[in-house]
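The file start-v3.txt contains compact mmCIF, C-alpha atoms:
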```txt
# COMPACT_ATOMS: atom_id res chain seq x y z
CA MET A 135 0.00 0.00 0.00
CA SER A 136 1.27 3.41 -0.94
CA SER A 137 2.12 6.24 1.39
CA PRO A 138 0.22 9.52 0.96
CA VAL A 139 1.49 12.16 -1.40
CA SER A 140 1.66 15.82 -0.50
CA THR A 141 -1.69 17.58 -0.30
CA ALA A 142 -0.11 20.98 -1.07
CA ASP A 143 -1.56 20.67 -4.55
CA THR A 144 -3.92 22.21 -7.06
CA PRO A 145 -7.65 22.17 -6.27
CA ILE A 146 -9.73 20.05 -8.64
CA THR A 147 -11.90 22.34 -10.71
CA ASP A 148 -12.21 20.36 -13.93
CA ARG A 149 -12.69 16.69 -14.75
CA ARG A 150 -9.79 16.94 -17.19
CA GLN A 151 -7.40 17.19 -14.23
CA LEU A 152 -8.39 13.67 -13.17
CA ILE A 153 -7.83 12.30 -16.65
CA GLU A 154 -4.51 14.13 -16.92
CA SER A 155 -3.39 12.57 -13.64
CA LEU A 156 -3.39 9.25 -15.50
CA SER A 157 -2.16 10.41 -18.89
CA ALA A 158 0.78 12.08 -17.13
CA GLY A 159 2.23 8.59 -16.79
CA GLU A 160 2.80 8.24 -20.53
CA LYS A 161 6.48 7.67 -21.37
CA PRO A 162 8.48 6.93 -24.50
CA VAL A 163 9.71 3.34 -24.76
CA SER A 164 13.23 4.47 -23.90
CA ALA A 165 11.97 5.67 -20.51
CA TRP A 166 10.00 2.54 -19.57
CA ARG A 167 11.12 1.14 -16.25
CA ILE A 168 10.35 -1.79 -13.94
CA GLY A 169 9.26 -1.27 -10.33
CA THR A 170 9.01 -4.43 -8.24
CA GLU A 171 7.35 -4.61 -4.82
CA HIS A 172 7.25 -7.52 -2.42
CA GLU A 173 6.01 -8.15 1.11
CA LYS A 174 7.16 -10.70 3.66
CA PHE A 175 6.20 -11.94 7.10
CA GLY A 176 8.52 -11.44 10.04
CA PHE A 177 8.75 -14.04 12.80
CA ARG A 178 10.66 -14.52 16.03
CA HIS A 179 12.93 -17.54 15.94
CA ASP A 180 12.08 -18.70 19.45
CA ASP A 181 8.28 -18.86 19.16
CA LEU A 182 7.53 -18.05 15.47
CA ARG A 183 5.23 -15.20 16.50
CA PRO A 184 5.10 -12.06 14.36
CA PRO A 185 7.05 -9.20 15.92
CA THR A 186 5.13 -6.24 17.27
CA TYR A 187 6.14 -2.70 16.38
CA GLU A 188 7.49 -1.93 19.85
CA GLY A 189 10.46 -3.31 21.74
CA GLU A 190 14.06 -4.29 21.14
CA ARG A 191 12.92 -7.04 18.75
CA GLY A 192 10.15 -5.01 17.17
CA ILE A 193 9.66 -3.91 13.59
CA GLY A 194 10.32 -0.32 14.63
CA ALA A 195 13.76 -1.32 15.87
CA LEU A 196 14.36 -3.22 12.64
CA LEU A 197 13.57 -0.14 10.57
CA GLN A 198 15.88 1.90 12.76
CA GLY A 199 18.61 -0.66 12.25
CA LEU A 200 18.29 -0.47 8.48
CA THR A 201 19.22 3.22 8.54
CA ARG A 202 22.85 2.13 8.83
CA PHE A 203 22.67 1.35 5.11
CA GLY A 204 21.83 4.90 4.11
CA TRP A 205 18.05 4.75 4.31
CA SER A 206 16.31 7.98 5.34
CA GLU A 207 13.54 7.95 7.93
CA VAL A 208 9.86 8.66 7.28
CA ARG A 209 7.94 9.44 10.45
CA GLU A 210 4.29 9.91 11.36
CA HIS A 211 3.74 11.82 14.59
CA GLY A 212 7.33 11.04 15.49
CA THR A 213 6.95 7.30 14.88
CA LEU A 214 9.25 5.69 12.32
CA ILE A 215 6.97 4.05 9.72
CA ALA A 216 9.06 3.84 6.54
CA LEU A 217 12.46 4.37 4.93
CA THR A 218 13.50 5.86 1.58
CA ARG A 219 16.65 5.58 -0.52
CA ASP A 220 17.37 6.16 -4.20
CA ASN A 221 13.69 6.19 -5.29
CA ALA A 222 12.94 3.02 -3.31
CA SER A 223 11.21 2.59 0.03
CA VAL A 224 10.82 0.10 2.85
CA SER A 225 7.46 0.32 4.57
CA LEU A 226 5.10 -1.50 6.90
CA GLU A 227 1.89 -3.26 6.01
CA PRO A 228 -0.83 -3.30 8.70
CA ALA A 229 0.49 -6.24 10.75
CA GLY A 230 4.15 -5.44 10.23
CA GLN A 231 4.65 -7.24 6.95
CA LEU A 232 7.82 -5.65 5.60
CA GLU A 233 7.54 -4.28 2.08
CA LEU A 234 10.23 -3.27 -0.36
CA SER A 235 8.90 -0.89 -3.00
CA GLY A 236 11.73 -0.97 -5.47
CA ALA A 237 13.15 1.85 -7.54
CA PRO A 238 12.21 2.18 -11.24
CA LEU A 239 14.89 0.03 -12.88
CA GLU A 240 15.87 -0.72 -16.49
CA ASP A 241 15.92 -4.52 -16.48
CA ILE A 242 15.24 -7.66 -14.46
CA HIS A 243 18.93 -8.10 -13.71
CA ALA A 244 18.84 -4.82 -11.79
CA THR A 245 15.65 -5.92 -10.05
CA ALA A 246 17.33 -9.17 -8.97
CA ARG A 247 20.27 -7.25 -7.53
CA GLU A 248 17.94 -4.89 -5.70
CA ILE A 249 16.06 -7.79 -4.09
CA ASP A 250 19.32 -9.48 -3.08
CA VAL A 251 20.75 -6.31 -1.53
CA HIS A 252 17.53 -5.63 0.37
CA LEU A 253 17.25 -9.13 1.80
CA ALA A 254 20.93 -9.11 2.77
CA GLU A 255 20.48 -5.81 4.62
CA VAL A 256 17.38 -7.10 6.40
CA ALA A 257 19.19 -10.27 7.39
CA GLN A 258 22.12 -8.31 8.85
CA VAL A 259 19.78 -6.34 11.08
CA ALA A 260 17.26 -9.10 11.85
CA GLY A 261 19.82 -11.81 12.66
CA PRO A 262 21.06 -10.36 15.97
CA MET A 263 17.43 -9.61 16.87
CA GLN A 264 16.60 -13.30 16.39
CA LEU A 265 14.07 -12.41 13.71
CA GLY A 266 13.49 -14.12 10.39
CA PHE A 267 11.41 -13.39 7.31
CA VAL A 268 9.49 -15.66 5.00
CA GLY A 269 7.68 -15.03 1.74
CA THR A 270 4.31 -16.70 1.33
CA GLY A 271 0.86 -15.48 0.36
CA PHE A 272 -0.88 -15.94 3.70
CA GLN A 273 0.23 -16.17 7.30
CA PRO A 274 0.27 -19.99 7.75
CA LEU A 275 0.03 -20.24 11.53
CA TRP A 276 -1.36 -17.32 13.51
CA THR A 277 -4.95 -16.14 13.85
CA ARG A 278 -6.19 -12.69 12.91
CA GLU A 279 -6.39 -11.80 16.61
CA GLN A 280 -2.77 -12.82 17.15
CA MET A 281 -1.45 -10.46 14.50
CA PRO A 282 -0.09 -7.10 15.71
CA TRP A 283 -1.16 -3.73 14.31
CA MET A 284 1.26 -1.06 13.16
CA PRO A 285 0.89 2.55 14.40
CA LYS A 286 -0.24 4.16 11.12
CA GLY A 287 -3.30 6.39 10.93
CA ARG A 288 -4.43 5.06 7.57
CA TYR A 289 -4.67 1.53 8.93
CA LYS A 290 -6.79 2.61 11.90
CA ILE A 291 -9.42 3.96 9.51
CA MET A 292 -9.34 0.85 7.30
CA ARG A 293 -9.53 -1.41 10.35
CA ARG A 294 -12.80 0.20 11.37
CA TYR A 295 -14.30 0.25 7.89
CA MET A 296 -13.31 -3.16 6.48
CA PRO A 297 -15.75 -5.27 8.53
CA LEU A 298 -18.61 -3.09 7.29
CA VAL A 299 -18.09 -4.09 3.64
CA GLY A 300 -16.72 -7.64 3.69
CA ASN A 301 -15.81 -10.58 5.89
CA LEU A 302 -12.13 -10.97 5.01
CA GLY A 303 -10.82 -7.42 4.75
CA LEU A 304 -8.98 -7.58 8.05
CA ASP A 305 -7.33 -10.80 6.91
CA MET A 306 -6.26 -9.05 3.73
CA MET A 307 -4.67 -6.34 5.83
CA THR A 308 -2.96 -8.44 8.47
CA ARG A 309 -2.32 -11.88 7.03
CA THR A 310 -1.46 -11.53 3.32
CA CYS A 311 1.71 -10.83 1.37
CA THR A 312 2.13 -10.26 -2.36
CA VAL A 313 4.74 -9.58 -5.02
CA GLN A 314 3.83 -7.19 -7.81
CA VAL A 315 5.41 -5.25 -10.64
CA ASN A 316 4.62 -1.76 -11.88
CA LEU A 317 5.05 -1.11 -15.60
CA ASP A 318 4.84 1.88 -17.93
CA PHE A 319 2.84 2.65 -21.07
CA SER A 320 3.48 4.98 -23.98
CA ASP A 321 -0.02 6.35 -24.63
CA GLU A 322 -3.68 5.60 -24.00
CA ALA A 323 -3.93 2.89 -26.66
CA ASP A 324 -0.84 1.14 -25.26
CA MET A 325 -2.27 1.36 -21.75
CA VAL A 326 -5.56 -0.17 -22.88
CA ARG A 327 -3.90 -3.09 -24.66
CA LYS A 328 -1.62 -3.81 -21.71
CA PHE A 329 -4.45 -3.47 -19.20
CA ARG A 330 -6.62 -5.96 -21.08
CA VAL A 331 -3.86 -8.54 -21.52
CA ALA A 332 -2.76 -8.20 -17.89
CA LEU A 333 -6.29 -8.47 -16.53
CA ALA A 334 -7.17 -11.51 -18.63
CA LEU A 335 -3.96 -13.30 -17.65
CA GLN A 336 -3.81 -12.29 -14.00
CA PRO A 337 -5.36 -15.65 -12.93
CA VAL A 338 -2.48 -17.41 -14.71
CA ALA A 339 -0.02 -15.49 -12.55
CA THR A 340 -2.11 -16.35 -9.49
CA ALA A 341 -1.86 -20.05 -10.35
CA LEU A 342 1.88 -19.97 -11.09
CA PHE A 343 2.65 -18.09 -7.87
CA ALA A 344 0.10 -19.83 -5.63
CA ASP A 345 1.64 -20.11 -2.16
CA SER A 346 -1.01 -19.83 0.53
CA PRO A 347 -2.47 -23.28 1.29
CA PHE A 348 -2.54 -23.01 5.10
CA THR A 349 -4.69 -21.14 7.60
CA GLU A 350 -3.97 -21.30 11.33
CA GLY A 351 -1.78 -24.36 10.99
CA ALA A 352 -3.96 -26.49 8.73
CA PRO A 353 -4.69 -26.86 5.01
CA ASN A 354 -7.44 -24.47 3.92
CA GLY A 355 -8.46 -26.22 0.70
CA PHE A 356 -7.00 -23.51 -1.54
CA GLU A 357 -3.78 -23.06 -3.46
CA SER A 358 -4.01 -19.27 -3.07
CA TRP A 359 -6.09 -18.34 -0.07
CA ARG A 360 -4.68 -14.84 -0.44
CA SER A 361 -6.34 -14.52 -3.84
CA ASN A 362 -9.63 -15.85 -2.48
CA ILE A 363 -9.59 -13.29 0.33
CA TRP A 364 -9.98 -10.49 -2.20
CA THR A 365 -13.36 -11.92 -3.26
CA ASP A 366 -14.81 -11.03 0.16
CA THR A 367 -12.93 -7.87 1.07
CA ASP A 368 -14.79 -4.94 -0.49
CA ALA A 369 -16.68 -5.39 -3.76
CA ASP A 370 -16.64 -1.63 -4.39
CA ARG A 371 -12.87 -1.57 -4.91
CA THR A 372 -11.80 -5.07 -6.02
CA GLY A 373 -12.36 -7.48 -8.89
CA MET A 374 -11.85 -8.05 -12.61
CA LEU A 375 -13.19 -4.71 -13.97
CA ASP A 376 -15.22 -5.99 -16.90
CA PHE A 377 -15.53 -2.47 -18.30
CA VAL A 378 -11.85 -2.59 -19.25
CA PHE A 379 -12.81 -4.92 -22.13
CA GLU A 380 -15.64 -2.72 -23.38
CA ASP A 381 -15.36 -0.54 -26.49
CA GLY A 382 -14.22 2.95 -25.68
CA PHE A 383 -12.31 2.07 -22.52
CA GLY A 384 -9.58 4.53 -21.63
CA TYR A 385 -8.48 7.03 -19.02
CA GLU A 386 -11.91 8.65 -18.74
CA ARG A 387 -13.71 5.39 -18.06
CA TYR A 388 -11.19 4.49 -15.37
CA VAL A 389 -11.73 7.90 -13.77
CA ASP A 390 -15.47 7.12 -13.65
CA TYR A 391 -14.67 3.85 -11.87
CA LEU A 392 -12.46 5.58 -9.33
CA LEU A 393 -15.10 8.20 -8.64
CA ASP A 394 -17.46 5.36 -7.72
CA VAL A 395 -14.95 3.86 -5.25
CA PRO A 396 -15.87 5.02 -1.74
CA MET A 397 -13.25 7.06 0.08
CA TYR A 398 -11.18 5.95 3.08
CA PHE A 399 -9.48 9.12 4.27
CA VAL A 400 -8.29 12.63 3.58
CA TYR A 401 -4.73 13.48 4.56
CA ARG A 402 -4.36 16.97 6.03
CA ASN A 403 -1.51 18.50 8.03
CA GLY A 404 -0.04 15.13 8.90
CA GLU A 405 -3.41 13.71 10.01
CA TYR A 406 -5.67 11.08 8.46
CA ILE A 407 -9.28 12.25 8.57
CA ASP A 408 -11.78 9.39 8.52
CA VAL A 409 -14.25 9.79 5.63
CA ALA A 410 -14.63 6.07 4.94
CA GLY A 411 -17.58 5.30 2.70
CA LYS A 412 -18.02 8.89 1.51
CA SER A 413 -18.09 10.02 -2.12
CA PHE A 414 -15.10 11.62 -3.81
CA ARG A 415 -17.59 13.42 -6.07
CA ASP A 416 -18.97 15.14 -2.98
CA PHE A 417 -15.41 16.02 -1.95
CA ILE A 418 -14.81 17.67 -5.32
CA ASP A 419 -17.97 19.71 -4.75
CA GLY A 420 -16.94 20.68 -1.22
CA LYS A 421 -19.71 18.64 0.41
CA LEU A 422 -17.82 16.36 2.81
CA GLU A 423 -19.26 16.72 6.32
CA ALA A 424 -15.86 16.11 7.88
CA LEU A 425 -14.32 18.94 5.83
CA PRO A 426 -17.17 21.40 5.21
CA GLY A 427 -16.56 23.63 2.24
CA GLU A 428 -13.12 22.21 1.54
CA ARG A 429 -12.53 20.94 -1.99
CA ALA A 430 -10.38 18.04 -3.14
CA THR A 431 -6.93 18.61 -4.59
CA VAL A 432 -5.06 16.60 -7.19
CA GLY A 433 -2.99 15.29 -4.30
CA ASP A 434 -6.17 13.98 -2.66
CA TRP A 435 -7.07 12.28 -5.93
CA ASN A 436 -3.66 10.62 -6.11
CA ASP A 437 -4.18 9.31 -2.58
CA HIS A 438 -7.66 8.08 -3.49
CA MET A 439 -6.29 6.12 -6.45
CA THR A 440 -4.23 4.02 -4.03
CA THR A 441 -7.38 2.83 -2.24
CA ALA A 442 -8.78 0.83 -5.18
CA PHE A 443 -7.59 -2.78 -5.21
CA PRO A 444 -8.54 -4.46 -8.50
CA GLU A 445 -6.53 -7.33 -9.99
CA VAL A 446 -4.72 -4.79 -12.17
CA ARG A 447 -4.56 -1.17 -11.02
CA LEU A 448 -3.94 1.94 -13.08
CA LYS A 449 -2.17 4.95 -11.67
CA LYS A 450 0.60 6.64 -13.63
CA TYR A 451 1.64 3.07 -14.41
CA LEU A 452 -0.01 -0.35 -14.39
CA GLU A 453 0.28 -2.60 -11.33
CA MET A 454 0.10 -6.40 -11.62
CA ARG A 455 -1.55 -7.49 -8.36
CA GLY A 456 -2.44 -11.19 -8.70
CA ALA A 457 0.52 -13.07 -7.22
CA ASP A 458 1.30 -14.50 -3.79
CA SER A 459 4.66 -13.56 -2.34
CA GLY A 460 7.27 -16.28 -2.40
CA ASP A 461 10.90 -17.28 -2.46
CA VAL A 462 13.67 -15.30 -4.16
CA PRO A 463 13.48 -17.02 -7.58
CA ARG A 464 9.76 -16.21 -7.79
CA LEU A 465 10.29 -12.61 -6.61
CA ARG A 466 12.55 -12.24 -9.63
CA ALA A 467 10.25 -14.19 -11.94
CA LEU A 468 7.15 -12.06 -11.41
CA PRO A 469 8.57 -8.93 -13.09
CA ALA A 470 10.19 -11.09 -15.75
CA LEU A 471 6.83 -12.64 -16.64
CA TRP A 472 5.06 -9.33 -17.14
CA VAL A 473 7.96 -7.49 -18.76
CA GLY A 474 8.25 -10.34 -21.25
CA LEU A 475 4.55 -10.11 -22.06
CA LEU A 476 4.06 -6.34 -22.06
CA TYR A 477 7.35 -4.63 -22.98
CA ASP A 478 7.91 -6.35 -26.33
CA GLN A 479 5.45 -5.47 -29.09
CA GLN A 480 5.46 -8.90 -30.71
CA ALA A 481 4.85 -10.59 -27.35
CA LEU A 482 2.10 -8.12 -26.47
CA GLN A 483 0.36 -8.86 -29.77
CA GLU A 484 0.74 -12.62 -29.27
CA ALA A 485 -0.64 -12.33 -25.75
CA TRP A 486 -3.58 -10.26 -26.98
CA ASP A 487 -4.28 -12.82 -29.73
CA LEU A 488 -4.34 -15.48 -26.99
CA VAL A 489 -6.88 -13.69 -24.76
CA LYS A 490 -8.93 -11.44 -27.02
CA ASP A 491 -11.70 -14.00 -27.47
CA PHE A 492 -11.95 -14.89 -23.79
CA SER A 493 -15.55 -14.34 -22.83
CA ARG A 494 -16.59 -12.53 -19.69
CA ALA A 495 -17.75 -15.87 -18.27
CA GLU A 496 -14.37 -17.45 -19.01
CA ARG A 497 -12.44 -14.60 -17.43
CA HIS A 498 -14.54 -14.88 -14.29
CA ALA A 499 -14.31 -18.67 -14.26
CA LEU A 500 -10.52 -18.33 -14.24
CA ARG A 501 -10.57 -15.70 -11.50
CA ASP A 502 -13.04 -17.65 -9.35
CA GLY A 503 -11.55 -21.11 -9.89
CA VAL A 504 -7.80 -20.57 -9.74
CA PRO A 505 -7.58 -19.71 -6.01
CA ARG A 506 -8.84 -23.18 -5.13
CA HIS A 507 -7.65 -25.34 -8.02
CA GLY A 508 -4.59 -23.50 -9.31
CA LEU A 509 -2.95 -24.90 -12.42
CA ALA A 510 -5.27 -27.92 -12.39
CA LEU A 511 -8.35 -25.82 -13.14
CA PRO A 512 -9.86 -26.95 -16.47
CA PHE A 513 -9.90 -24.32 -19.21
CA ARG A 514 -11.31 -24.90 -22.67
CA GLU A 515 -9.70 -28.07 -24.07
CA GLY A 516 -6.95 -28.13 -21.48
CA SER A 517 -6.14 -26.60 -18.12
CA VAL A 518 -4.65 -23.47 -16.63
CA ALA A 519 -1.31 -25.30 -16.68
CA SER A 520 -1.45 -25.63 -20.47
CA LEU A 521 -2.51 -21.99 -20.75
CA ALA A 522 0.40 -21.03 -18.49
CA ARG A 523 2.85 -22.86 -20.74
CA GLN A 524 1.63 -20.82 -23.71
CA VAL A 525 1.91 -17.61 -21.73
CA LEU A 526 5.43 -18.43 -20.57
CA ALA A 527 6.55 -19.20 -24.12
CA ILE A 528 5.30 -15.78 -25.24
CA ALA A 529 7.01 -14.06 -22.30
CA ARG A 530 10.27 -15.89 -22.94
CA GLY A 531 10.28 -14.74 -26.53
CA GLY A 532 9.65 -11.19 -25.43
CA LEU A 533 12.55 -11.23 -22.99
CA GLN A 534 14.88 -12.82 -25.52
CA ARG A 535 14.08 -10.11 -28.05
CA ARG A 536 14.74 -7.45 -25.40
CA ALA A 537 18.24 -8.95 -25.22
CA ARG A 538 19.21 -7.39 -21.90
CA ILE A 539 22.39 -9.30 -21.06
CA ASP A 540 24.03 -9.59 -17.63
CA ILE A 541 27.76 -9.93 -16.95
CA ASP A 542 27.54 -13.70 -17.37
CA GLY A 543 25.96 -13.42 -20.81
CA ASN A 544 22.42 -14.36 -19.73
CA ASP A 545 19.34 -12.55 -20.97
CA GLU A 546 16.31 -11.93 -18.77
CA SER A 547 14.49 -15.07 -19.91
CA ALA A 548 16.50 -17.16 -17.44
CA TYR A 549 14.36 -15.74 -14.63
CA LEU A 550 11.36 -17.62 -16.06
CA ASP A 551 12.98 -21.03 -15.56
CA VAL A 552 11.39 -21.48 -12.14
CA LEU A 553 7.95 -20.83 -13.63
CA ASP A 554 8.55 -23.26 -16.49
CA VAL A 555 9.20 -26.00 -13.95
CA ILE A 556 5.96 -25.16 -12.14
CA ALA A 557 3.90 -25.02 -15.35
CA ARG A 558 5.32 -28.27 -16.76
CA SER A 559 4.85 -30.19 -13.51
CA GLY A 560 1.56 -28.55 -12.52
CA ARG A 561 3.05 -28.35 -9.02
CA SER A 562 2.95 -24.92 -7.41
CA ALA A 563 4.70 -23.83 -4.23
CA ALA A 564 1.39 -24.44 -2.48
CA ALA A 565 1.29 -28.03 -3.71
CA GLU A 566 4.90 -28.54 -2.68
CA LYS A 567 4.24 -27.31 0.85
CA LEU A 568 1.08 -29.38 1.19
CA ALA A 569 3.07 -32.49 0.26
CA ARG A 570 5.62 -31.69 2.93
CA PHE A 571 2.87 -30.99 5.46
CA HIS A 572 1.39 -34.44 4.88
CA GLY A 573 4.84 -36.03 4.73
CA GLN A 574 8.06 -34.98 6.39
CA TRP A 575 6.45 -32.15 8.41
CA ASN A 576 4.11 -34.62 10.15
CA GLY A 577 1.06 -32.38 9.98
CA SER A 578 2.76 -29.20 11.21
CA VAL A 579 3.38 -25.92 9.39
CA LYS A 580 6.11 -24.84 11.79
CA PRO A 581 8.97 -26.28 9.69
CA LEU A 582 7.92 -23.89 6.93
CA PHE A 583 9.39 -20.95 8.83
CA GLU A 584 12.83 -22.56 8.93
CA GLN A 585 12.93 -24.23 5.54
CA TYR A 586 11.55 -21.31 3.52
CA ALA A 587 12.99 -18.32 5.38
CA TYR A 588 15.06 -15.91 3.30
```

Can you turn what I pasted into structure tokens?
Amino acid sequence: MSSPVSTADTPITDRRQLIESLSAGEKPVSAWRIGTEHEKFGFRHDDLRPPTYEGERGIGALLQGLTRFGWSEVREHGTLIALTRDNASVSLEPAGQLELSGAPLEDIHATAREIDVHLAEVAQVAGPMQLGFVGTGFQPLWTREQMPWMPKGRYKIMRRYMPLVGNLGLDMMTRTCTVQVNLDFSDEADMVRKFRVALALQPVATALFADSPFTEGAPNGFESWRSNIWTDTDADRTGMLDFVFEDGFGYERYVDYLLDVPMYFVYRNGEYIDVAGKSFRDFIDGKLEALPGERATVGDWNDHMTTAFPEVRLKKYLEMRGADSGDVPRLRALPALWVGLLYDQQALQEAWDLVKDFSRAERHALRDGVPRHGLALPFREGSVASLARQVLAIARGGLQRRARIDIDGNDESAYLDVLDVIARSGRSAAAEKLARFHGQWNGSVKPLFEQYAY
């Protein structure tokens, strides 16, 4: 989740400002970059419990420790809540999940180095604190009530509001972790094509990256429980966005969607003002009861855009949001998959040819079925696994044509190898962990924290 932008901004007086806030993201191909984000669960080695914010072994102390590596502090009411360095940030999700929001980088090799450096820095600080971190889509052991809450004003508002609009929103906040990539577009037509391909194929990414088969120490019947959680979080701000596939879709239609998403907060003078459930249209007209007569700014709009959570999200770039967090090879593979599909014109056309005749019913069947069945879900004459193999072949070709070579002579397509193994075998990380649970782990998820820790 993004931090708020400055509200010292221009008042919204014309609908064109909202459209321009999206079109401002347009970039020439030479300026396209790759921004990778991933979240991970912290745990204490002695009892596997998630660390609280406070204390010598708390997440706050961990953030403070990371400043030795040149990270600058971000504070809210004097409390350290995030770090920034070289256009990247380290921040806290609601229950202390640690997130790296990477810098905009030129290739997957740079992304891989960034991930490695970050995890090495975290390990140097966390080791003496007897803390570890693990990447998986859902907290495998602890209950919602056992998860701590971080001292951030935004989360206090969401914590109150979530139970009013869905049954699993608090689980989304406290017990999920994801990996995502943020990618650029050149103009509105390019954005539309990429949005449609990414949305249609997001369930394939969910299946390939499925890694959340446990809830409170037992199998939950799903490959990606994290993905399923989004189906009962808040229908006003989640889902597959069928309008993206309609004729005439573009920036203006997405603005209409965002205007229909209820608000969470307004950020003023360092304070989060609770306006959850209120209309941004009323805010534009100066009709919010909590801020009588005050009109929304472009900064408020930018904040509001971060409170929609569809499978693919448009801001000044496109965010791929369908994958569970995971181990290091999959953290590298997620941006490789989408860069291969979307940053090469031949691959983008091949991907569009693959999905353009998907019906609405088929897109929803994929989205609804993959969380439980993963790669085994039937699709047309085959399965999601066979669809994934086609998708990976297209992405590999795209990366090979990009021809970004590292010092060892490898192009970016090597990062897809881990996904090829999963697609060929039909065996996701979730399936692998379930097999261990029923085998060598003797019905316990506790070995997961040791065997899969970074």

Between atom CA of Gly460 of chain A and atom CA of Pro228 of chain A - distance in Å to one decimal: 18.9 Å

Taking all atoms of segment 225-234 of chain A that the file lists, what box with edges along x, y and z, padded by 5 Å per side, do you get, with centre and edge lengths in Å to one decimal, as lines of an AutoDock Vina configuration file?
```
center_x = 4.7
center_y = -3.5
center_z = 5.2
size_x = 21.1
size_y = 17.6
size_z = 21.1
```

Near-segment 200-203 of chain A list (9 Å; only C-alpha atoms; drop same-chain fewer than 4 positions) as a VMD selection string: chain A and resid 195 to 196 207 217 255 to 256 258 to 259

Among listed residues A:Val555, A:Val504, A:Leu304, A:Val326, nearest Asn362 of chain A (using all atoms listed in the file):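 Under the stated criterion, the closest residue is A:Val504.
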
Within-12 Å shell of (-4.0, 3.1, -23.8) in input frame, only C-alpha atoms, as number ranges by chain: A: 156-157, 159-161, 318-331, 378, 382-388, 448, 450-452

Segment 288-294 of chain A environment, 9 Å, all atoms listed in the file, sequence neighbours closer than 4 positions dropped, as a ChimeraX atom specification: /A:227-228,283-284,298,303-304,307,398-399,401,406-410

Distance of atom CA of Arg402 of chain A from atom CA of Arg149 of chain A, expressed in Å to one decimal place: 22.4 Å

Between atom CA of Cys311 of chain A and atom CA of Phe272 of chain A, distance in Å (one decimal):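 Straight-line distance from atom CA of Cys311 of chain A to atom CA of Phe272 of chain A works out to 6.2 Å.
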
Polymer residues at most 8 Å from Ile528 of chain A, only C-alpha atoms, same-chain spacing of 2 or more positions, as a list in words: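 These residues fall inside the cut-off: Gly474, Leu475, Ala481, Glu484, Ala485, Gln524, Val525, Leu526, Arg530, Gly531 and Gly532 of chain A.
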
Kindly export the residues of the current selection with C-alpha atoms, as a PDB file, in the coordinates of the input.
```
ATOM      1  CA  GLY A 474       8.250 -10.340 -21.250  1.00  0.00           C
ATOM      2  CA  LEU A 475       4.550 -10.110 -22.060  1.00  0.00           C
ATOM      3  CA  ALA A 481       4.850 -10.590 -27.350  1.00  0.00           C
ATOM      4  CA  GLU A 484       0.740 -12.620 -29.270  1.00  0.00           C
ATOM      5  CA  ALA A 485      -0.640 -12.330 -25.750  1.00  0.00           C
ATOM      6  CA  GLN A 524       1.630 -20.820 -23.710  1.00  0.00           C
ATOM      7  CA  VAL A 525       1.910 -17.610 -21.730  1.00  0.00           C
ATOM      8  CA  LEU A 526       5.430 -18.430 -20.570  1.00  0.00           C
ATOM      9  CA  ARG A 530      10.270 -15.890 -22.940  1.00  0.00           C
ATOM     10  CA  GLY A 531      10.280 -14.740 -26.530  1.00  0.00           C
ATOM     11  CA  GLY A 532       9.650 -11.190 -25.430  1.00  0.00           C
TER      12      GLY A 532
END
```

Residues within 12 Å of Asn354 of chain A, only C-alpha atoms, excluding chain neighbours under 3 positions, as a list in words: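 What passes the distance filter is Phe272, Gln273, Pro274, Leu275, Asp345, Ser346, Pro347, Phe348, Thr349, Glu350, Gly351, Glu357, Ser358, Trp359, Arg360, Asn362, Ile363, Pro505, Arg506, His507, Ala564 and Leu568 of chain A.
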
All residues 8 Å or closer to Trp472 of chain A, only C-alpha atoms, same chain fewer than 6 positions away omitted, as a list of chain:residue names: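 Skipping anything fewer than 6 positions along the chain leaves A:Val315, A:Ala332, A:Met454, A:Ala529.
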
Which of A:Val518, A:Gly355, A:Gln574, A:Pro285 sits closest to Glu188 of chain A [using all atoms listed in the file]: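 Selected residue with least distance to Glu188 of chain A: A:Pro285.
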
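Those DNA, RNA and protein residues that approach the point (12.6, -22.9, 8.8) to within 12 Å, considering only C-alpha atoms, are Phe177, Arg178, His179, Asp180, Asp181, Leu182, Leu265, Gly266, Phe267, Val268, Gly269, Trp575, Ser578, Val579, Lys580, Pro581, Leu582, Phe583, Glu584, Gln585, Tyr586, Ala587 and Tyr588 of chain A.
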
Generate a file of the selected residues that holds C-alpha atoms, formatted as a tab-separated table (two decimals), keeping the file's coordinate frame.
```tsv
chain	number	residue	atom	x	y	z
A	177	PHE	CA	8.75	-14.04	12.80
A	178	ARG	CA	10.66	-14.52	16.03
A	179	HIS	CA	12.93	-17.54	15.94
A	180	ASP	CA	12.08	-18.70	19.45
A	181	ASP	CA	8.28	-18.86	19.16
A	182	LEU	CA	7.53	-18.05	15.47
A	265	LEU	CA	14.07	-12.41	13.71
A	266	GLY	CA	13.49	-14.12	10.39
A	267	PHE	CA	11.41	-13.39	7.31
A	268	VAL	CA	9.49	-15.66	5.00
A	269	GLY	CA	7.68	-15.03	1.74
A	575	TRP	CA	6.45	-32.15	8.41
A	578	SER	CA	2.76	-29.20	11.21
A	579	VAL	CA	3.38	-25.92	9.39
A	580	LYS	CA	6.11	-24.84	11.79
A	581	PRO	CA	8.97	-26.28	9.69
A	582	LEU	CA	7.92	-23.89	6.93
A	583	PHE	CA	9.39	-20.95	8.83
A	584	GLU	CA	12.83	-22.56	8.93
A	585	GLN	CA	12.93	-24.23	5.54
A	586	TYR	CA	11.55	-21.31	3.52
A	587	ALA	CA	12.99	-18.32	5.38
A	588	TYR	CA	15.06	-15.91	3.30
```
